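Trainee: Quick one: the structure is below, and I'll ask about it shortly.
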Amino acid sequence: MSSTTTAGSRRSVDIGALLLEGRAFLALVAIFVIFSVLAPNAYPTVSNVLVMSSHVAIYALLAMGMLLVILNGGIDLSVGSTLGMAGMVAGFLMKGVDLSPFGIDSTLFPPVWVVALVSIGVGALIGLVNGVLVARFNVAPFVATLGTLYAVRGLASLMTNGLTYNSFGGDEALGNTGFDWLGFNRIATVPIGVVVMVVIALVLSGVLNRSVFGRWLYASGGNERAAELSGVPTRKVKIWVYVVSGITAAIAGLILTSQLTSAGPTAGTTYELTAIAAVVIGGAALSGGRGNIRGTLLGAFVIGFLSDGLVIVGVSVYWQTVFTGAVIVAAVLLNSVQYKGKRRARSGSGGSPGGGTSAPPPASPKTPTTAAA
């Protein structure tokens with residue numbers, strides 16, 4: 001009798017754990033079904049799904065970079081400003097660089113691929129500054145990236161005194177056409193932004209799951225001191241995650257700028273909060289060491305499809321904010337329940353007291369210890 005009861009309780013626990021693990025996917029399905037019923041002629045169409053996916057790509061790119069930082073136990077509040085700065089740099093270069101201050105009476109119009117590389121380089125530089133502040137000078141990630149948020153946003157505004165760059169069509173004679181390719185072109189009906197999102201997701205997923213750097217990242221995020229004692233170069237890992245976050249934010253800025261065919265210094269305002277929300281909804285722990293690309297993508301789709309659905313059915317923008325906030329709070333509560341259950345399970349099976357992450361055994365730098373995601 002007792003064995004039957006135990007088996008039944010285990011099945012119920014397994015079902016509950018399964019629902020917790022798949023909550024982002026279930027939420028996305030529920031959102032799609034509800035809005036398909038409320039707006040059957042607009043929401044579930046293929047063309048609208050593709051448009052919504054192109055909007056999601058911006059959030060997802062920011063969120064994937066943010067995930068790496070959060071896995072390391074940090075936070076990056078500067079991704080929205082980095083997005084805006086990347087767009088402003090692209091606009092500045094597309095409009096032509098006046099060389100008269102250098103004694104040359106001409107204007108340089110770099111090709112689009114150069115514009116893209118320079119903009120991404122600026123994003124990487126901003127990420128490097130964040131990483132050095134956090135890893136080398138031990139500035140708290142919240143404080144360091146908050147300062148960068150304001151500094152970068154201010155520099156973006158100074159570039160044009162708060163004005164916006166418009167009309168990125170370019171001129172064929174000058175060789176600077178094609179910037180709108182990112183925002184408007186498609187490959188087999190799929191928007192370029194979505195293709196870029198998928199490619200970066202595959203690359204980062206491979207890095208996290210199949211590379212030494214991924215093992216280092218999970219180890220340092222789970223228990224930085226133990227990872228350092230095991231030979232993991234925790235400072236380098238910390239710097240690199242911020243650099244990657246800056247790069248993904250810059251790519252998102254290029255795509256958004258291309259979609260809008262304009263670049264303004266206020267672009268991406270509050271997007272850092274959306275990125276954090278997508279990571280949390282996707283099941284990552286803000287304390288670090290737990291999370292994956294798949295969940296983060298689902299979190300981005302939940303936010304994007306919910307926001308666009310509310311717009312389609314005509315819900316007030318103020319209620320949209322309320323609904324989005326409620327989803328984020330619910331996700332944090334579910335994360336707390338999920339990880340509290342895991343800590344209890346580890347404690348009950350002889351894990352570390354208090355559910356903390358136990359120290360991995362020593363290992364050489366060439367063969368670091370792995371940590372559970």
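Note on naming: chains are A, B, ... as they come in the structure tokens, residues start from 1 per chain, ligands start from 1 in the order shown.
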Report as a compact mmCIF listing (two decimals) with N, CA and C atoms, in the first residue's frame: the residues of range 191-267 of chain A with a DSSP assignment of alpha helix (DSSP H), based on the backbone of this structure.

Mentor:
# COMPACT_ATOMS: atom_id res chain seq x y z
N ILE A 192 15.41 38.37 -42.52
CA ILE A 192 16.84 38.23 -42.25
C ILE A 192 17.14 38.29 -40.76
N GLY A 193 16.42 39.16 -40.05
CA GLY A 193 16.64 39.26 -38.60
C GLY A 193 16.41 37.95 -37.89
N VAL A 194 15.39 37.21 -38.31
CA VAL A 194 15.10 35.91 -37.71
C VAL A 194 16.22 34.91 -38.04
N VAL A 195 16.71 34.97 -39.27
CA VAL A 195 17.81 34.07 -39.67
C VAL A 195 19.04 34.36 -38.82
N VAL A 196 19.36 35.65 -38.63
CA VAL A 196 20.51 36.03 -37.81
C VAL A 196 20.31 35.54 -36.38
N MET A 197 19.10 35.69 -35.85
CA MET A 197 18.80 35.21 -34.49
C MET A 197 19.05 33.72 -34.35
N VAL A 198 18.58 32.94 -35.33
CA VAL A 198 18.75 31.48 -35.29
C VAL A 198 20.23 31.10 -35.36
N VAL A 199 20.96 31.75 -36.25
CA VAL A 199 22.39 31.44 -36.39
C VAL A 199 23.14 31.72 -35.10
N ILE A 200 22.90 32.88 -34.50
CA ILE A 200 23.59 33.23 -33.26
C ILE A 200 23.16 32.30 -32.13
N ALA A 201 21.88 31.92 -32.12
CA ALA A 201 21.41 30.98 -31.09
C ALA A 201 22.13 29.64 -31.21
N LEU A 202 22.31 29.15 -32.43
CA LEU A 202 23.00 27.88 -32.63
C LEU A 202 24.47 27.98 -32.20
N VAL A 203 25.10 29.11 -32.54
CA VAL A 203 26.51 29.29 -32.18
C VAL A 203 26.67 29.34 -30.66
N LEU A 204 25.86 30.16 -30.00
CA LEU A 204 25.98 30.29 -28.55
C LEU A 204 25.58 29.02 -27.82
N SER A 205 24.59 28.31 -28.36
CA SER A 205 24.21 27.04 -27.75
C SER A 205 25.35 26.04 -27.84
N GLY A 206 26.03 26.02 -28.99
CA GLY A 206 27.18 25.14 -29.14
C GLY A 206 28.30 25.51 -28.19
N VAL A 207 28.50 26.82 -28.00
CA VAL A 207 29.55 27.28 -27.08
C VAL A 207 29.24 26.84 -25.65
N LEU A 208 27.98 27.00 -25.25
CA LEU A 208 27.61 26.66 -23.87
C LEU A 208 27.63 25.16 -23.61
N ASN A 209 27.23 24.37 -24.59
CA ASN A 209 27.05 22.94 -24.36
C ASN A 209 28.23 22.08 -24.77
N ARG A 210 29.08 22.60 -25.68
CA ARG A 210 30.10 21.72 -26.25
C ARG A 210 31.52 22.29 -26.19
N VAL A 212 34.88 24.19 -23.94
CA VAL A 212 35.51 24.39 -22.64
C VAL A 212 35.03 25.69 -22.01
N PHE A 213 34.87 26.73 -22.83
CA PHE A 213 34.40 28.01 -22.31
C PHE A 213 33.03 27.86 -21.65
N GLY A 214 32.14 27.06 -22.27
CA GLY A 214 30.83 26.84 -21.69
C GLY A 214 30.91 26.17 -20.32
N ARG A 215 31.78 25.19 -20.20
CA ARG A 215 31.96 24.53 -18.90
C ARG A 215 32.54 25.49 -17.88
N TRP A 216 33.50 26.30 -18.32
CA TRP A 216 34.05 27.32 -17.43
C TRP A 216 32.96 28.29 -16.96
N LEU A 217 32.08 28.69 -17.88
CA LEU A 217 31.04 29.67 -17.55
C LEU A 217 30.08 29.12 -16.52
N TYR A 218 29.58 27.89 -16.75
CA TYR A 218 28.64 27.31 -15.78
C TYR A 218 29.32 27.09 -14.43
N ALA A 219 30.58 26.69 -14.45
CA ALA A 219 31.31 26.44 -13.20
C ALA A 219 31.49 27.74 -12.42
N SER A 220 31.95 28.80 -13.10
CA SER A 220 32.19 30.06 -12.41
C SER A 220 30.88 30.71 -11.97
N GLY A 221 29.81 30.50 -12.72
CA GLY A 221 28.53 31.05 -12.31
C GLY A 221 27.93 30.31 -11.13
N GLY A 222 28.17 29.00 -11.06
CA GLY A 222 27.64 28.22 -9.95
C GLY A 222 28.39 28.47 -8.66
N GLU A 224 31.98 30.64 -8.03
CA GLU A 224 33.15 31.27 -8.63
C GLU A 224 34.44 30.90 -7.88
N ARG A 225 34.39 30.89 -6.56
CA ARG A 225 35.59 30.60 -5.78
C ARG A 225 36.07 29.17 -6.03
N ALA A 226 35.13 28.22 -6.03
CA ALA A 226 35.50 26.83 -6.27
C ALA A 226 36.03 26.65 -7.69
N ALA A 227 35.43 27.34 -8.65
CA ALA A 227 35.90 27.25 -10.04
C ALA A 227 37.31 27.80 -10.17
N GLU A 228 37.57 28.91 -9.48
CA GLU A 228 38.91 29.51 -9.54
C GLU A 228 39.95 28.57 -8.94
N LEU A 229 39.60 27.91 -7.85
CA LEU A 229 40.51 26.95 -7.23
C LEU A 229 40.73 25.73 -8.12
N THR A 234 38.53 32.64 -14.18
CA THR A 234 37.24 33.29 -13.95
C THR A 234 37.21 34.74 -14.44
N ARG A 235 38.34 35.44 -14.33
CA ARG A 235 38.35 36.84 -14.79
C ARG A 235 38.19 36.93 -16.30
N LYS A 236 38.88 36.07 -17.03
CA LYS A 236 38.76 36.07 -18.49
C LYS A 236 37.34 35.72 -18.92
N VAL A 237 36.76 34.73 -18.24
CA VAL A 237 35.38 34.34 -18.55
C VAL A 237 34.45 35.52 -18.33
N LYS A 238 34.65 36.23 -17.24
CA LYS A 238 33.78 37.36 -16.91
C LYS A 238 33.91 38.47 -17.95
N ILE A 239 35.12 38.74 -18.39
CA ILE A 239 35.31 39.78 -19.40
C ILE A 239 34.66 39.37 -20.72
N TRP A 240 34.85 38.12 -21.11
CA TRP A 240 34.33 37.67 -22.40
C TRP A 240 32.81 37.66 -22.46
N VAL A 241 32.13 37.35 -21.36
CA VAL A 241 30.67 37.33 -21.43
C VAL A 241 30.13 38.73 -21.66
N TYR A 242 30.78 39.74 -21.09
CA TYR A 242 30.34 41.12 -21.34
C TYR A 242 30.66 41.55 -22.77
N VAL A 243 31.78 41.09 -23.31
CA VAL A 243 32.10 41.40 -24.70
C VAL A 243 31.06 40.79 -25.63
N VAL A 244 30.69 39.54 -25.39
CA VAL A 244 29.67 38.88 -26.22
C VAL A 244 28.34 39.60 -26.08
N SER A 245 27.99 40.02 -24.87
CA SER A 245 26.75 40.77 -24.67
C SER A 245 26.75 42.06 -25.48
N GLY A 246 27.89 42.76 -25.51
CA GLY A 246 27.99 43.97 -26.31
C GLY A 246 27.86 43.71 -27.79
N ILE A 247 28.43 42.59 -28.25
CA ILE A 247 28.35 42.24 -29.67
C ILE A 247 26.92 41.93 -30.09
N THR A 248 26.22 41.11 -29.29
CA THR A 248 24.83 40.77 -29.64
C THR A 248 23.93 42.00 -29.58
N ALA A 249 24.21 42.91 -28.64
CA ALA A 249 23.43 44.15 -28.58
C ALA A 249 23.67 45.01 -29.81
N ALA A 250 24.91 45.06 -30.28
CA ALA A 250 25.23 45.85 -31.48
C ALA A 250 24.55 45.26 -32.71
N ILE A 251 24.55 43.93 -32.82
CA ILE A 251 23.86 43.29 -33.95
C ILE A 251 22.38 43.60 -33.91
N ALA A 252 21.79 43.54 -32.72
CA ALA A 252 20.38 43.90 -32.58
C ALA A 252 20.14 45.34 -32.99
N GLY A 253 21.09 46.23 -32.65
CA GLY A 253 20.97 47.62 -33.05
C GLY A 253 21.01 47.81 -34.55
N LEU A 254 21.87 47.05 -35.23
CA LEU A 254 21.94 47.13 -36.69
C LEU A 254 20.63 46.68 -37.33
N ILE A 255 20.06 45.59 -36.82
CA ILE A 255 18.81 45.09 -37.38
C ILE A 255 17.68 46.07 -37.14
N LEU A 256 17.58 46.60 -35.90
CA LEU A 256 16.52 47.55 -35.60
C LEU A 256 16.66 48.81 -36.44
N THR A 257 17.87 49.32 -36.56
CA THR A 257 18.10 50.52 -37.37
C THR A 257 17.72 50.29 -38.83
N SER A 258 18.03 49.09 -39.32
CA SER A 258 17.68 48.76 -40.70
C SER A 258 16.17 48.68 -40.88
N GLN A 259 15.49 48.10 -39.88
CA GLN A 259 14.03 48.00 -39.95
C GLN A 259 13.37 49.38 -39.93
N LEU A 260 13.91 50.29 -39.13
CA LEU A 260 13.32 51.63 -38.99
C LEU A 260 13.83 52.60 -40.05

Trainee: Pick out the residues sitting within 9 Å of Val129 in chain A, and hand them over as number ranges by chain; count only C-alpha atoms, and ignore anything fewer than 2 positions along from it in its own chain.

Mentor: A: 124-127, 131-134, 148, 239, 242-243

Trainee: Near Leu77 in chain A, counting only C-alpha atoms, which residues have an atom at most 6 Å away, once you skip same-chain residues fewer than 6 positions from it, shown as a list in words?

Mentor: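 Contacts, in chain order: Thr145, Leu146 and Glu272 of chain A.
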
Trainee: Would you write out those residues with N, CA and C atoms, as a PDB file, in the first residue's frame?

Mentor:
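File produced: selection.pdb:
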ATOM      1  N   THR A 145      27.565  48.628 -15.066  1.00  0.00           N
ATOM      2  CA  THR A 145      26.769  48.685 -16.300  1.00  0.00           C
ATOM      3  C   THR A 145      25.727  49.792 -16.255  1.00  0.00           C
ATOM      4  N   LEU A 146      25.308  50.186 -15.053  1.00  0.00           N
ATOM      5  CA  LEU A 146      24.413  51.344 -14.947  1.00  0.00           C
ATOM      6  C   LEU A 146      25.149  52.611 -15.364  1.00  0.00           C
ATOM      7  N   GLU A 272      16.966  46.831 -22.013  1.00  0.00           N
ATOM      8  CA  GLU A 272      17.726  45.981 -21.102  1.00  0.00           C
ATOM      9  C   GLU A 272      16.802  45.245 -20.129  1.00  0.00           C
TER      10      GLU A 272
END

Trainee: Between CA of Val315 in chain A and CA of Ala60 in chain A, measure the distance and give it in Å to one decimal.

Mentor: 23.7 Å
